[in-house]
>>> print(open('entry-v7.cif').read())   # mmCIF, C-alpha atoms
data_query
loop_
_atom_site.label_atom_id
_atom_site.label_comp_id
_atom_site.auth_asym_id
_atom_site.auth_seq_id
_atom_site.Cartn_x
_atom_site.Cartn_y
_atom_site.Cartn_z
CA MET A 16 202.35 77.90 175.39
CA LYS A 17 202.63 81.21 173.57
CA ASN A 18 204.63 79.90 170.62
CA TRP A 19 202.28 77.07 169.64
CA TYR A 20 201.24 78.72 166.38
CA LYS A 21 204.89 79.28 165.39
CA ILE A 22 205.73 75.63 165.89
CA LEU A 23 202.56 74.59 164.09
CA SER A 24 203.30 76.88 161.15
CA VAL A 25 206.75 75.30 160.68
CA ILE A 26 205.27 71.80 160.88
CA LEU A 27 202.39 72.52 158.48
CA ILE A 28 204.49 74.38 155.90
CA SER A 29 207.20 71.68 156.01
CA TYR A 30 204.52 69.02 155.58
CA THR A 31 202.95 70.76 152.59
CA LEU A 32 206.29 71.55 150.93
CA VAL A 33 207.25 67.88 151.03
CA TRP A 34 203.96 66.03 150.70
CA GLY A 35 202.71 68.56 148.16
CA LEU A 36 205.34 67.23 145.78
CA LEU A 37 204.87 63.56 146.63
CA ASN A 38 201.16 62.92 147.02
CA PRO A 39 199.13 61.91 143.93
CA VAL A 40 197.13 64.59 142.08
CA PRO A 41 194.39 64.38 139.41
CA ARG A 42 195.70 64.05 135.87
CA LEU A 43 194.09 66.92 134.00
CA ASP A 44 194.68 68.38 130.57
CA ILE A 45 196.83 71.54 130.47
CA LEU A 46 197.30 71.65 134.26
CA ASN A 47 199.08 68.30 134.60
CA GLU A 48 201.64 68.44 137.44
CA THR A 49 201.33 72.23 137.75
CA ILE A 50 198.16 71.69 139.75
CA ARG A 51 200.49 71.17 142.73
CA ASN A 52 201.03 74.92 142.72
CA VAL A 53 197.60 75.23 144.32
CA TYR A 54 199.32 74.15 147.56
CA TYR A 55 201.62 77.18 147.46
CA HIS A 56 200.12 79.94 145.29
CA VAL A 57 196.62 79.97 146.82
CA PRO A 58 197.58 79.63 150.53
CA ILE A 59 200.06 82.49 150.19
CA TRP A 60 197.25 84.70 148.89
CA PHE A 61 195.08 83.57 151.82
CA ALA A 62 197.86 84.73 154.16
CA MET A 63 198.03 88.07 152.34
CA LEU A 64 194.27 88.58 152.64
CA PHE A 65 194.40 87.63 156.30
CA MET A 66 197.07 90.23 157.01
CA MET A 67 195.23 92.92 155.09
CA THR A 68 192.14 92.11 157.16
CA VAL A 69 194.20 92.47 160.35
CA SER A 70 195.45 95.81 159.01
CA LEU A 71 191.89 96.93 158.36
CA ILE A 72 190.80 96.02 161.90
CA GLN A 73 193.72 97.91 163.40
CA SER A 74 192.92 100.95 161.25
CA LEU A 75 189.33 100.91 162.46
CA LEU A 76 190.60 100.72 166.04
CA THR A 77 192.88 103.67 165.28
CA LEU A 78 189.90 105.75 164.19
CA THR A 79 187.79 104.81 167.22
CA LYS A 80 190.51 104.99 169.90
CA ASN A 81 192.97 107.54 168.42
CA ASN A 82 195.71 105.11 169.45
CA LEU A 83 199.11 105.23 167.73
CA THR A 84 199.81 101.64 168.75
CA ASN A 85 196.90 100.47 166.61
CA ASP A 86 198.18 102.63 163.76
CA ALA A 87 201.60 100.99 163.99
CA LYS A 88 200.00 97.54 163.97
CA ALA A 89 197.89 98.47 160.94
CA TYR A 90 201.03 99.53 159.09
CA ASN A 91 202.95 96.42 160.14
CA ALA A 92 200.14 94.12 159.04
CA ALA A 93 199.96 95.90 155.67
CA ILE A 94 203.73 95.52 155.25
CA VAL A 95 203.55 91.78 155.94
CA GLY A 96 200.54 91.41 153.64
CA PHE A 97 202.37 93.28 150.89
CA PHE A 98 205.38 91.02 151.42
CA PHE A 99 203.18 87.96 150.81
CA SER A 100 201.78 89.47 147.63
CA LEU A 101 205.23 89.20 146.02
CA PRO A 102 205.62 85.38 146.21
CA GLY A 103 201.90 85.20 145.41
CA LEU A 104 202.53 87.07 142.17
CA THR A 105 205.67 85.06 141.42
CA THR A 106 204.06 81.64 141.86
CA GLY A 107 201.05 82.82 139.87
CA SER A 108 203.21 84.09 137.04
CA ILE A 109 205.15 80.83 136.84
CA TRP A 110 201.87 78.88 136.86
CA ALA A 111 200.47 81.06 134.10
CA LYS A 112 203.52 80.45 131.93
CA TYR A 113 203.05 76.68 132.02
CA THR A 114 199.25 76.66 131.71
CA TRP A 115 198.29 79.80 129.77
CA GLY A 116 201.54 80.09 127.80
CA THR A 117 202.45 83.56 129.09
CA TRP A 118 203.90 85.09 132.24
CA TRP A 119 201.09 87.69 132.33
CA THR A 120 197.93 88.39 130.42
CA PHE A 121 195.88 91.57 130.55
CA GLN A 122 192.83 89.58 129.47
CA ASP A 123 192.32 88.23 132.98
CA PRO A 124 190.49 90.67 135.33
CA LYS A 125 191.89 89.07 138.49
CA LEU A 126 195.48 89.60 137.38
CA ASN A 127 194.72 93.20 136.55
CA GLY A 128 192.91 93.58 139.87
CA VAL A 129 195.91 92.24 141.76
CA ALA A 130 198.22 94.71 140.01
CA ILE A 131 195.90 97.63 140.81
CA SER A 132 195.54 96.49 144.43
CA ILE A 133 199.31 96.41 144.88
CA LEU A 134 199.56 99.95 143.52
CA ILE A 135 196.79 101.06 145.89
CA TYR A 136 198.72 99.73 148.88
CA LEU A 137 201.95 101.24 147.60
CA ALA A 138 200.14 104.57 147.68
CA TYR A 139 199.20 103.81 151.31
CA PHE A 140 202.87 103.44 152.23
CA ILE A 141 203.82 106.60 150.35
CA LEU A 142 201.00 108.50 152.09
CA ARG A 143 202.32 107.55 155.50
CA PHE A 144 205.77 108.93 154.73
CA SER A 145 204.33 112.20 153.42
CA VAL A 146 202.71 113.27 156.72
CA ASP A 147 204.93 114.32 159.65
CA ASP A 148 202.39 114.75 162.45
CA GLU A 149 201.92 111.31 164.04
CA MET A 150 198.25 111.56 164.97
CA LYS A 151 197.29 113.21 161.70
CA ARG A 152 199.22 110.53 159.81
CA ALA A 153 197.51 107.81 161.80
CA ARG A 154 194.00 109.05 161.05
CA ILE A 155 194.60 109.81 157.36
CA SER A 156 196.34 106.47 156.87
CA ALA A 157 193.52 104.64 158.65
CA VAL A 158 190.87 106.18 156.42
CA TYR A 159 192.88 105.38 153.31
CA ASN A 160 193.54 101.84 154.52
CA VAL A 161 189.80 101.20 154.80
CA PHE A 162 189.42 102.45 151.23
CA ALA A 163 192.35 100.29 150.07
CA PHE A 164 190.88 97.13 151.63
CA VAL A 165 187.48 97.70 150.06
CA MET A 166 188.95 98.40 146.63
CA MET A 167 191.23 95.35 146.85
CA ASN A 168 188.24 93.08 147.48
CA VAL A 169 186.32 94.70 144.64
CA PHE A 170 189.19 94.18 142.20
CA ILE A 171 190.19 90.63 143.14
CA MET A 172 187.00 89.13 144.61
CA VAL A 173 183.98 90.85 143.05
CA LEU A 174 184.78 92.00 139.51
CA PRO A 175 186.45 88.73 138.37
CA ARG A 176 183.24 86.87 139.27
CA LEU A 177 181.15 89.19 137.14
CA THR A 178 183.22 88.84 133.96
CA ASP A 179 185.08 86.11 132.09
CA SER A 180 188.25 85.04 133.85
CA LEU A 181 190.94 82.42 133.36
CA HIS A 182 191.09 81.83 137.11
CA PRO A 183 189.07 78.90 138.52
CA GLY A 184 185.90 79.93 140.28
CA ASN A 185 185.51 83.18 138.36
CA GLY A 186 183.42 84.21 135.38
CA GLY A 187 181.85 80.81 134.92
CA ASN A 188 185.18 78.97 135.16
CA PRO A 189 184.54 76.23 137.76
CA ALA A 190 186.57 76.30 140.96
CA PHE A 191 189.06 73.59 141.87
CA ALA A 192 186.78 72.20 144.54
CA LYS A 193 184.03 71.63 141.97
CA TYR A 194 185.91 69.54 139.47
CA ASP A 195 189.38 68.43 140.45
CA MET A 196 190.39 68.91 144.10
CA ASP A 197 190.06 65.39 145.48
CA SER A 198 190.48 64.19 149.06
CA ASN A 199 194.25 63.73 148.59
CA MET A 200 194.66 67.36 147.59
CA ARG A 201 192.52 68.62 150.46
CA MET A 202 194.83 66.82 152.90
CA VAL A 203 197.61 69.13 151.71
CA PHE A 204 195.73 72.28 150.73
CA TYR A 205 193.95 73.04 154.01
CA PRO A 206 197.05 72.48 156.20
CA ALA A 207 198.94 74.74 153.77
CA VAL A 208 196.39 77.54 154.23
CA LEU A 209 196.63 77.29 158.03
CA GLY A 210 200.42 77.05 157.95
CA TRP A 211 200.93 80.18 155.85
CA ILE A 212 198.35 82.15 157.86
CA PHE A 213 200.11 81.22 161.11
CA PHE A 214 203.44 82.13 159.54
CA SER A 215 202.10 85.53 158.43
CA TYR A 216 200.93 86.22 161.99
CA TRP A 217 204.38 85.23 163.25
CA LEU A 218 205.99 87.81 160.95
CA PHE A 219 203.38 90.36 162.07
CA ASP A 220 204.29 89.71 165.71
CA LEU A 221 208.01 90.13 164.96
CA LYS A 222 207.34 93.40 163.12
CA ASN A 223 205.36 94.70 166.09
CA ARG A 224 208.20 93.84 168.45
CA ILE A 225 210.71 95.63 166.24
CA SER A 226 208.46 98.70 166.14
CA PHE A 227 208.14 98.64 169.94
CA ILE A 228 211.93 98.49 170.36
CA LYS A 229 212.45 101.35 167.89
CA ASN A 230 209.93 103.52 169.76
CA LYS A 231 211.65 102.80 173.07
CA LEU A 232 215.02 103.74 171.61
CA ASN A 233 213.62 106.96 170.13
CA ASP A 234 212.07 107.90 173.48
#
>>> encode(input="entry-v7.cif", output="C-alpha cells")
Amino acid sequence: MKNWYKILSVILISYTLVWGLLNPVPRLDILNETIRNVYYHVPIWFAMLFMMTVSLIQSLLTLTKNNLTNDAKAYNAAIVGFFFSLPGLTTGSIWAKYTWGTWWTFQDPKLNGVAISILIYLAYFILRFSVDDEMKRARISAVYNVFAFVMMNVFIMVLPRLTDSLHPGNGGNPAFAKYDMDSNMRMVFYPAVLGWIFFSYWLFDLKNRISFIKNKLND
C-alpha cells in the first residue's frame, strides 16, 4: 500500500496533538506545563532537518548524474524544509516567552544559528531564480546547497554545544532525556517525531507531483 506513511502520519500527529495535552508530564520549575511544547517544537525541527537532508542527497545526485529531476527534488525538499522552519520558529518563540521571559534573545547561539541558517537557505532560493540556464542553475544550486547544509549543521548543531546555551543539551545545559523526559513523555515524543517526518515526506511527494505536472504543461 503506497499511502501507508500518509495514513500513519495523520494517526501519529492526531495522537500526539490530543494525548500531548492530556498525558501527565513532570512538574518542573520554570517549564511547568510548557514542557508539552517538546511534543510539537522539537519534532517539527526534526522534520525540517530530515527534509534538508533529502535536499542535500538530491543535490549530490544532481552533481553526479547531471539530472534536472534530482535538481527539482532538491529544490522541493528545501522548500518543504523551509516551510517547517516557520512553525518551528513560532513554537520556539512562544516557548521562550513563557520560560525565558522574551520572544527572542540574542544571547542564545542556537537561536542565532537558526536565524542565520534561514537566511542562508533564502539565499539558495534567490540564487536559483537568478540563473536562467537550467543545467547551470542546477549545478550551481547543488554546490551551494551542500554548503548551506554544512553551515546549517555548524550553526545549530555544533557551535551551540561548544558555548553556553539556554537550550537543553547544549553548552552544559542537560538535555531533556537526561533529567526530565520520563516514559510517559517518550510515548508521545517519539510518535510525534515519526508523524511529522512522514508528513514532511508527504508534502515533498506532493511538491514533486506538482513540479512534474508543470513541466509536462510547459513541454
>>> closest_residue(input="entry-v7.cif", among="A:Pro175, A:Ser100, A:Leu209, A:Ile228", to="Ser24 in chain A", atoms="all atoms listed in the file")
A:Leu209
>>> closest_residue(input="entry-v7.cif", among="A:Ile94, A:Val25, A:Ile171, A:Leu101", to="Lys125 in chain A", atoms="only C-alpha atoms")
A:Ile171
>>> residues_near_point(input="entry-v7.cif", point="(202.1, 84.3, 146.2)", cutoff="10 Å", atoms="all atoms listed in the file", output="VMD selection string")
chain A and resid 55 to 63 98 to 108
>>> closest_residue(input="entry-v7.cif", among="A:Met202, A:Met67, A:Leu137, A:Val173", to="Phe219 in chain A", atoms="only C-alpha atoms")
A:Met67
>>> residues_around(input="entry-v7.cif", residues="Ser29 in chain A", least_positions_apart="6", cutoff="10 Å", atoms="all atoms listed in the file", output="NGL selection string")
:A and (23 or 35 or 207 or 210)
>>> resolve_selection(input="entry-v7.cif", expression="the PyMOL selection byres ((chain A and resi 39) around 12)", output="ChimeraX atom specification")
/A:34-38,40-42,47-48,50-51,196-203
